[in-house]
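A quick write-up on the structure given underneath.
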Amino acid sequence: MRAIPQPGDLGQPPGESVAMLVVGPEGEILATSEGSERLTGIPPEDLPGSSLTDLIPDPEGRSAALAGVPGRSYTSVRHRDGHLTRVRLDIFPQLLSDPGRVLVTLVDAAAARQQEEDQALVRALFSQQQVGLSIHAPDLLITRLNSDPNEWVTNDAELGLDHPLPVALHEIMDPEDAEEVARKLSRVAGTGEPLINWEYTYRARGAPEQERKLSVTSLRLEDSRDELLGVVSIYTDITEQHQTQRRMALLHTAAQRIGPSLDVTRNAEELAKVLVPSFTDFAAVDLGERVLKGDEPGPTSLMNVPVRRIAVAEAAGRWPEEVQPLGGAFRIEMPDDDAGTPGEAIRGAAAAALRTLPVEEEPPADAAPARLLLPSSPGSLMVVPLRARGQVLGTLALWRSPDRTPFGETDADLAEEVGSRAALSLDNARRYTREHRTLETLQRSLLPPAVFEVSAASTAGSYVPAETTAGIGGSWYDVIPLSSARVAFVMGDVAGHGLNATATMGRLRTAVQTLADMDLAPDELLTRLDDLAIRLAEFGPTDEGGQRGSIGATCLYCVYDPVSGECTLASAGRTPPLLAEPGEPAEVLPLRPGPALGVGGAPFETMTLRLGPQSVLAFFSEELAGHGPETGDPTGEGQDDGDGDGDGGEDGDGEGGEEQGGGAREPGRLAQLSQQITEAAKGRRSPAETGRGVLDQLLPDRAPANDVALLIARVRPLPPDSTADWQLPAEPAVVGRARDLVLEQLDAWDLTESAFPTELIVSELITNAIRYAGGPVGVRLIRDDVLICEVSDPSETQPHLRRARPTDEGGRGLFLVAQLAHRWGSRYTATGKTIWTEQPLG
């Protein structure tokens with residue numbers, strides 16, 4: 001009988017997990033291997049002579065072995081102690097010379113699966129193309145690749161390899177790169193120490209200018225006798241990641257160094273220094289003469305426009321003599337034989353065709369040759385336009401020496417991005433010299449849209465600047481949507497004129513918006529705004545005498561609730577608004593204004609009234625009412641104690657009451673304004689049309705001495721069936737009842753798609769109210785452009801959103817509410833607080 005092959009000879013996992021049997025025609029076991037004892041528990045010398053039936057109880061597996069048909073299946077083997085072991089059954093009848101005998105292998109199922117996984121891993125590695133895989137013989141010849149070696153040689157088919165594997169490293173790589181890789185692989189093969197994530201530059205033999213960045217991991221391969229079989233290398237192409245890292249590093253450096261200064265030349269110098277030598281060997285920044293003077297650049301191209309070189313940088317430290325020097329003035333023109341457009345010549349390879357000429361119209365005949373925009377020596381050239389806000393400020397000229405990789409599309413994109421950031425900084429510096437020209441634009445940019453529509457009101461605002469730049473001050477208006485469909489109307493002014501007044505106006509308007517978002521009552525909002533004005537005055541600039549005074553600001557804050565129809569307002573030094581009910585003449589509301597902002601001391605009074613549907617409110621500057629420009633009493637303390645028709649003193653110079661100031665309001669102008677508002681309340685004109693009518697009648701020349709602001713608002717209540725509210729006791733059982741009430745109301749409104757989040761929101765808020773605040777608990781739903789849910793309780797403790805720890809048993813309710821709602825918040829009420837949420841409909 002022939003010797004039994006070893007497991008390794010059949011591709012089986014070696015060791016005690018494999019048993020090899022020679023089975024006779026009657027199923028008797030004739031011979032076995034030493035590994036059989038682990039699977040059967042029977043010593044190898046005792047197993048021959050026994051029957052296969054005793055060893056394999058499964059009839060199907062036993063029959064396959066006796067039939068001698070080559071194949072593989074899984075069965076069980078009975079151990080000597082009686083337990084069954086799952087094994088893989090392999091049948092090899094062709095390996096024995098006697099046709100009546102069959103060679104059978106029994107492999108432990110776990111070991112068999114591990115073997116199959118190893119084989120599948122090798123197949124998967126060599127079949128995929130995303131990660132490179134190569135096997136090197138001991139002499140480092142590449143014997144196996146998971147890709148075509150020609151793909152790593154060059155993109156030119158004529159330069160590809162003319163013979164198959166194996167190939168040497170120097171046949172597919174640049175010789176210098178191949179030598180370095182060979183040293184690394186030899187070390188791995190000799191020491192067995194793995195090479196992990198080694199990054200190197202790969203240049204193909206047929207295209208050395210096309211560099212790739214590779215990350216390689218190499219391991220030593222050994223055979224079953226621990227002899228050197230070769231080296232396996234796993235490599236990934238990280239060229240894009242490497243370029244991205246360099247790109248981000250350059251952009252980060254540019255962001256840090258370019259822009260802090262408002263000096264045009266300083267920014268240009270930093271731009272050139274950032275790019276040399278990491279990105280280029282030569283950099284020059286050329287700007288139009290108009291930009292250096294602070295004027296608008298003018299044309300969108302620099303062709304035939306006076307240009308000056310204001311910053312240079314050179315890696316070698318020597319400036320080429322044939323190139324325009326620092327401070328050189330010239331014009332850029334296109335050669336006559338250039339077929340491209342100026343836009344094409346200002347970027348990319350066509351930049352090499354550009355030349356520069358001196359500024360002189362007709363240079364002398366004996367003059368020296370015109371200097372060039374870029375070096376004339378071989379290399380890679382690129383000219384990047386410095387564009388900012390749609391205009392070309394100048395150009396960035398770049399040159400690389402021949403021993404560096406030429407500029408490509410990725411380099412062009414990076415240079416344009418850096419140039420774009422630099423151009424913005426350059427333009428900011430230029431615009432800094434023209435600040436006074438943009439004062440009116442700044443003033444308008446701080447105001448809200450002229451026409452603003454919310455559920456509670458239709459509004460139209462107007463701003464008319466003063467006749468001269470010196471007259472532009474800090475008048476402003478605002479319309480602020482609040483929680484629960486409410487809306488706030490704001491009218492304010494800052495004493496003085498110019499940029500300081502506009503900047504102060506911007507601060508106050510932002511502060512009002514922030515305080516309004518806290519849902520403060522009008523008097524409390526003005527009190528906090530007054531504190532801010534005091535701080536602004538204390539830490540603000542001093543006058544010519546070195547003294548600090550009040551900022552002289554005024555503000556009127558009005559809140560309208562479309563559910564109740566109530567309007568609540570308070571004034572800090574401003575004239576109350578005009579109100580016109582439908583069918584009634586307009587009249588000034590009897591609100592007694594408080595002192596101007598920044599004075600402190602006196603409290604602000606609040607007025608509350610109920611407005612009818614389609615009522616019109618008009619908030620206006622004193623200039624429209626005909627108040628005298630010189631009135632005095634900037635503090636607003638000298639207010640009229642009469643019927644509220646007195647002047648609150650709000651003009652840009654901080655005027656006081658009309659009786660103390662001496663500047664009486666013109667009855668005719670106020671009557672005209674009232675007539676316009678009365679007509680608007682009749683529904684004949686929109687707020688925008690009313691505003692235009694007021695300005696056309698009262699300011700026909702549109703050139704007031706002080707800037708003017710006007711806000712017209714037509715209020716409208718929500719329909720009665722758009723709200724539903726309930727009062728519930730502070731009992732845990734009402735949570736379920738509240739959910740039922742909410743679901744019934746949403747079903748009546750045909751808003752069942754919002755039922756699930758609303759149910760959760762109501763449950764969480766009511767549960768918190770009962771647990772922490774007591775009762776009674778108020779629940780209100782408002783159907784508006786959004787679905788509003790409110791829960792009120794008697795506690796004045798504001799909710800605080802926090803992130804619960806994994807071990808906390810509670811604390812996630814408010815976090816859940818914040819996730820379900822589009823917006824949420826809370827506000828104080830006369831009896832406690834209200835927590836509200838908003839959900840978009842549909």
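Chain labels A, B, ... are given in the sequence in which chains occur in the structure tokens; within each chain residues are numbered consecutively from 1, and ligands are likewise numbered from 1 in the order shown.
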
Step one, run DSSP on the backbone; step two, keep only residues of range 670-788 of chain A assigned to helix (DSSP H, G or I); then write them as a compact mmCIF listing (two decimals) with C-alpha atoms, in the first residue's frame.
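Below is the file that was written, result14.txt:
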# COMPACT_ATOMS: atom_id res chain seq x y z
CA LEU A 670 -49.68 115.89 11.83
CA ALA A 671 -53.17 116.29 10.38
CA GLN A 672 -51.94 115.18 6.97
CA LEU A 673 -50.26 112.15 8.52
CA SER A 674 -53.43 111.31 10.46
CA GLN A 675 -55.51 111.60 7.30
CA GLN A 676 -53.26 109.17 5.47
CA ILE A 677 -53.57 106.63 8.30
CA THR A 678 -57.32 107.08 8.47
CA GLU A 679 -57.63 106.30 4.79
CA ALA A 680 -55.45 103.23 5.26
CA ALA A 681 -57.76 101.94 8.01
CA PRO A 687 -49.41 99.59 4.15
CA ALA A 688 -46.85 100.00 1.38
CA GLU A 689 -49.11 102.32 -0.58
CA THR A 690 -49.89 104.26 2.59
CA GLY A 691 -46.19 104.70 3.35
CA ARG A 692 -45.49 105.98 -0.14
CA GLY A 693 -48.44 108.37 0.13
CA VAL A 694 -47.20 109.77 3.45
CA LEU A 695 -43.71 110.38 2.13
CA ASP A 696 -44.96 111.90 -1.13
CA GLN A 697 -47.18 114.33 0.75
CA LEU A 698 -44.98 115.23 3.72
CA PRO A 720 -61.52 82.15 16.74
CA ASP A 721 -61.48 78.54 15.58
CA SER A 722 -57.68 78.69 15.24
CA VAL A 734 -54.70 64.63 33.47
CA VAL A 735 -51.73 63.83 31.22
CA GLY A 736 -53.70 61.18 29.39
CA ARG A 737 -56.77 63.40 29.30
CA ALA A 738 -54.72 66.25 27.85
CA ARG A 739 -53.39 63.98 25.11
CA ASP A 740 -56.93 62.98 24.20
CA LEU A 741 -58.05 66.62 24.08
CA VAL A 742 -55.11 67.57 21.87
CA LEU A 743 -55.65 64.66 19.51
CA GLU A 744 -59.35 65.48 19.16
CA GLN A 745 -58.52 69.10 18.33
CA LEU A 746 -55.87 68.14 15.77
CA ASP A 747 -58.35 65.78 14.16
CA ALA A 748 -60.87 68.61 13.97
CA THR A 752 -53.45 64.32 12.15
CA GLU A 753 -49.96 64.19 10.60
CA SER A 754 -48.80 66.34 13.55
CA ALA A 755 -50.54 64.18 16.15
CA PHE A 756 -47.60 62.02 17.19
CA PRO A 757 -45.01 64.73 17.93
CA THR A 758 -47.65 67.02 19.47
CA GLU A 759 -48.84 64.24 21.76
CA LEU A 760 -45.29 63.64 22.97
CA ILE A 761 -44.63 67.35 23.44
CA VAL A 762 -47.81 67.88 25.49
CA SER A 763 -47.12 64.81 27.61
CA GLU A 764 -43.58 65.89 28.47
CA LEU A 765 -44.45 69.52 29.20
CA ILE A 766 -47.51 68.74 31.34
CA THR A 767 -45.60 66.06 33.24
CA ASN A 768 -42.82 68.55 34.02
CA ALA A 769 -45.33 71.21 35.03
CA ILE A 770 -47.11 68.85 37.45
CA ARG A 771 -43.85 67.51 38.86
CA TYR A 772 -41.99 70.79 39.37

inquiry  = Residues near range 79-88 of chain A, anyone? I mean within 7 Å using only C-alpha atoms, not counting same-chain ones fewer than 3 positions away, as a ChimeraX atom specification.
reply    = /A:39-42,73-76,106-109,112

request  = Can you pull out every residue within 12 Å of Arg400 in chain A, counting only C-alpha atoms, but drop anything in the same chain fewer than 2 positions away, and send it as number ranges by chain?
outcome  = A: 275-283, 314-316, 374-383, 397-398, 402-408, 411

request  = Write out as a PyMOL selection string each polymer residue whose atoms come within 7 Å of Met173 in chain A, counting only C-alpha atoms; drop sequence neighbours fewer than 4 positions from it.
outcome  = chain A and resi 153+169+177-178+203-205

I need the chosen residues saved as a PDB file, in the first residue's frame, with N, CA and C atoms.
ATOM      1  N   VAL A 153       3.124  51.744 -15.197  1.00  0.00           N
ATOM      2  CA  VAL A 153       4.291  52.192 -15.962  1.00  0.00           C
ATOM      3  C   VAL A 153       4.057  53.559 -16.546  1.00  0.00           C
ATOM      4  N   LEU A 169      11.664  45.788 -10.151  1.00  0.00           N
ATOM      5  CA  LEU A 169      11.131  47.089  -9.746  1.00  0.00           C
ATOM      6  C   LEU A 169      11.553  48.181 -10.716  1.00  0.00           C
ATOM      7  N   ASP A 177      13.495  55.794  -7.394  1.00  0.00           N
ATOM      8  CA  ASP A 177      12.409  55.300  -6.539  1.00  0.00           C
ATOM      9  C   ASP A 177      12.541  53.791  -6.332  1.00  0.00           C
ATOM     10  N   ALA A 178      12.896  53.064  -7.399  1.00  0.00           N
ATOM     11  CA  ALA A 178      13.033  51.610  -7.293  1.00  0.00           C
ATOM     12  C   ALA A 178      14.130  51.233  -6.303  1.00  0.00           C
ATOM     13  N   ARG A 203       7.142  57.422  -9.044  1.00  0.00           N
ATOM     14  CA  ARG A 203       7.192  57.969 -10.396  1.00  0.00           C
ATOM     15  C   ARG A 203       7.348  56.817 -11.377  1.00  0.00           C
ATOM     16  N   ALA A 204       6.426  56.737 -12.319  1.00  0.00           N
ATOM     17  CA  ALA A 204       6.452  55.645 -13.282  1.00  0.00           C
ATOM     18  C   ALA A 204       7.662  55.785 -14.197  1.00  0.00           C
ATOM     19  N   ARG A 205       8.146  54.633 -14.681  1.00  0.00           N
ATOM     20  CA  ARG A 205       9.327  54.645 -15.541  1.00  0.00           C
ATOM     21  C   ARG A 205       9.091  55.454 -16.810  1.00  0.00           C
TER      22      ARG A 205
END

task = Give the answer as one residue: which of A:Asn197, A:Asn500, A:Ser483, A:Thr236 has the shortest atom-to-atom distance to Val559 in chain A, using only C-alpha atoms?
result =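 Under the stated criterion, the closest residue is A:Ser483.
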
Shortest interatomic distance to Asn706 in chain A - which of A:Glu623, A:Glu581, A:Asp561, A:Asp226, counting only C-alpha atoms =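 Closest to Asn706 in chain A of all the choices is A:Glu623.
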
Interatomic distance, CA of Leu841 in chain A to CA of Trp824 in chain A (Å, one decimal) =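 Result for CA of Leu841 in chain A versus CA of Trp824 in chain A: 15.3 Å, one decimal.
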
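The nearest approach to Leu386 in chain A among the residues A:Pro595, A:Gly288, A:Pro700, A:Gly492, with only C-alpha atoms taken into account, belongs to A:Gly288.
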
query = Which distance in Å separates CA of Thr105 in chain A and CA of Pro70 in chain A, to one decimal?
reply = 11.5 Å

message = Set the distance at 8 Å and use only C-alpha atoms: which residues neighbour Leu165 in chain A once local chain neighbours fewer than 5 positions away are removed? I'd like the list as JSON, numbers by chain.
response = {"A": [142, 143, 144]}

Residues as selected, all heavy atoms, written as a compact mmCIF listing (two decimals), in the first residue's frame, can you do that?
# COMPACT_ATOMS: atom_id res chain seq x y z
N ILE A 142 8.79 41.06 -8.93
CA ILE A 142 7.35 41.03 -8.72
C ILE A 142 6.79 39.81 -9.44
O ILE A 142 6.83 39.72 -10.68
CB ILE A 142 6.68 42.31 -9.23
CG1 ILE A 142 7.24 43.54 -8.51
CG2 ILE A 142 5.17 42.25 -9.04
CD1 ILE A 142 6.72 44.85 -9.02
N THR A 143 6.26 38.85 -8.67
CA THR A 143 5.73 37.62 -9.26
C THR A 143 4.22 37.64 -9.39
O THR A 143 3.67 36.85 -10.16
CB THR A 143 6.14 36.42 -8.40
OG1 THR A 143 5.59 36.58 -7.08
CG2 THR A 143 7.65 36.31 -8.30
N ARG A 144 3.58 38.52 -8.67
CA ARG A 144 2.12 38.54 -8.74
C ARG A 144 1.61 39.93 -8.40
O ARG A 144 2.11 40.56 -7.46
CB ARG A 144 1.53 37.51 -7.77
CG ARG A 144 0.04 37.25 -7.97
CD ARG A 144 -0.40 36.07 -7.14
NE ARG A 144 -1.81 35.79 -7.31
CZ ARG A 144 -2.46 34.84 -6.65
NH1 ARG A 144 -1.81 34.09 -5.78
NH2 ARG A 144 -3.76 34.64 -6.86

inquiry  = If you run DSSP on the backbone here, which positions in range 167-262 of chain A get strand (DSSP E or B)? Please write them as a PyMOL selection string.
reply    = chain A and resi 167+173+195-204+207-222+228-237
